[in-house]
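Engineer: Structure file query_23.cif, mmCIF, C-alpha atoms, is pasted below:
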data_start
loop_
_atom_site.label_atom_id
_atom_site.label_comp_id
_atom_site.auth_asym_id
_atom_site.auth_seq_id
_atom_site.Cartn_x
_atom_site.Cartn_y
_atom_site.Cartn_z
CA MET H 1 136.41 165.37 130.77
CA PRO H 2 139.95 165.41 129.36
CA ASP H 3 141.03 168.10 126.94
CA THR H 4 140.92 166.35 123.59
CA THR H 5 142.44 169.20 121.60
CA VAL H 6 145.86 169.46 123.24
CA ASN H 7 148.60 168.79 120.70
CA ASP H 8 151.07 167.34 123.22
CA THR H 9 148.89 164.45 124.36
CA LYS H 10 150.47 161.06 124.00
CA ILE H 11 147.46 159.29 122.45
CA LYS H 12 146.26 160.23 118.97
CA VAL H 13 142.85 159.08 117.80
CA TYR H 14 142.43 159.36 114.03
CA SER H 15 138.67 159.48 113.51
CA THR H 16 135.71 160.73 111.50
CA THR H 17 132.39 162.23 112.55
CA TRP H 18 130.34 159.33 111.15
CA CYS H 19 132.31 156.45 112.69
CA GLY H 20 130.52 154.64 115.53
CA ASP H 21 133.68 152.82 116.63
CA CYS H 22 135.45 156.20 116.82
CA ARG H 23 132.74 157.59 119.09
CA MET H 24 132.89 154.48 121.28
CA ALA H 25 136.68 154.68 121.67
CA LYS H 26 136.57 158.40 122.53
CA ARG H 27 133.76 157.80 125.05
CA TRP H 28 135.86 155.03 126.61
CA PHE H 29 138.88 157.34 126.97
CA ASP H 30 136.67 160.13 128.35
CA SER H 31 135.00 157.86 130.90
CA HIS H 32 138.40 156.62 132.10
CA GLY H 33 139.96 160.09 132.33
CA ILE H 34 142.53 159.41 129.63
CA ALA H 35 143.59 162.44 127.58
CA TYR H 36 143.87 162.06 123.83
CA GLU H 37 144.12 164.16 120.71
CA ASP H 38 141.10 163.72 118.44
CA ILE H 39 142.20 164.10 114.82
CA ASN H 40 139.46 164.23 112.20
CA VAL H 41 140.92 162.76 109.02
CA GLU H 42 138.05 164.14 106.93
CA GLN H 43 139.01 167.70 107.80
CA ASP H 44 142.80 167.38 107.77
CA LYS H 45 144.50 165.95 104.68
CA GLN H 46 147.89 165.70 106.43
CA ALA H 47 146.27 163.74 109.25
CA GLU H 48 144.68 161.41 106.72
CA GLU H 49 148.11 160.83 105.15
CA ALA H 50 149.62 160.14 108.59
CA MET H 51 146.84 157.64 109.33
CA LEU H 52 147.42 155.89 106.00
CA LYS H 53 151.15 155.73 106.69
CA VAL H 54 150.79 154.01 110.07
CA ASN H 55 148.23 151.59 108.58
CA GLY H 56 150.33 150.50 105.63
CA GLY H 57 148.12 152.41 103.19
CA ARG H 58 144.81 151.13 104.61
CA TRP H 59 142.04 153.62 105.43
CA VAL H 60 140.89 152.48 108.89
CA VAL H 61 139.16 154.47 111.63
CA PRO H 62 139.58 154.70 114.43
CA THR H 63 143.31 154.36 114.30
CA ILE H 64 144.79 154.98 117.73
CA VAL H 65 148.51 155.69 118.06
CA LEU H 66 149.85 155.31 121.59
CA ALA H 67 152.86 156.94 123.25
CA ASP H 68 154.90 153.74 122.93
CA GLY H 69 154.32 153.74 119.17
CA SER H 70 151.87 150.85 119.22
CA ILE H 71 148.78 151.12 117.06
CA LEU H 72 145.22 149.99 117.68
CA THR H 73 142.77 149.86 114.79
CA GLU H 74 139.05 149.56 115.40
CA PRO H 75 139.58 148.39 119.00
CA SER H 76 136.71 147.08 121.09
CA ALA H 77 136.08 148.36 124.62
CA ARG H 78 137.59 145.09 125.84
CA GLU H 79 140.79 145.68 123.84
CA LEU H 80 141.05 149.21 125.25
CA ALA H 81 140.58 147.87 128.79
CA GLU H 82 143.32 145.29 128.19
CA LYS H 83 145.69 147.96 126.88
CA PHE H 84 144.93 150.32 129.81
CA PRO H 85 144.38 147.93 132.74
CA GLN H 86 144.95 150.50 135.49
CA GLN H 87 142.34 152.90 134.17
#
When written as structure tokens, how does the structure in this file appear?

Structural biologist:
Amino acid sequence: MPDTTVNDTKIKVYSTTWCGDCRMAKRWFDSHGIAYEDINVEQDKQAEEAMLKVNGGRWVVPTIVLADGSILTEPSARELAEKFPQQ
């Protein structure tokens, strides 16, 4: 399982503990061996502000920020597979 706490990972997953879509996205990354930083926006006010900024002020989880700067909000497993076809 990838280390999901490393601060230098290139994928940031803004999530909450109660969000089913967040759990699905993290399970997808785990099962495909893709490292990510899991950022709980309920526990970190600065992270919540960063999530709001990238979403134009909308509170949406999961918000996934990729290394290339692209953003996925509430992606399905299919959308993740399309974004990471080699995984």

Engineer: Please, what distance in Å, to one decimal, runs between atom CA of Ala50 of chain H and atom CA of Cys22 of chain H?

Structural biologist: 16.9 Å

Engineer: Rounded to one decimal place, report the atom CA of Asp38 of chain H-atom CA of Asp68 of chain H distance in Å.

Structural biologist: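 That distance, rounded to one decimal, is 17.6 Å.
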
Engineer: Determine the residue set returned by the PyMOL selection byres ((chain H and resi 70-87) around 12) for the present structure, and present it as a VMD selection string.

Structural biologist: chain H and resid 10 to 15 19 to 35 51 to 56 58 to 69

Engineer: Expanded to explicit residues, what is the PyMOL selection byres ((chain H and resi 40) around 8) for this file, as a PyMOL selection string?

Structural biologist: chain H and resi 14-17+38-39+41-44+47
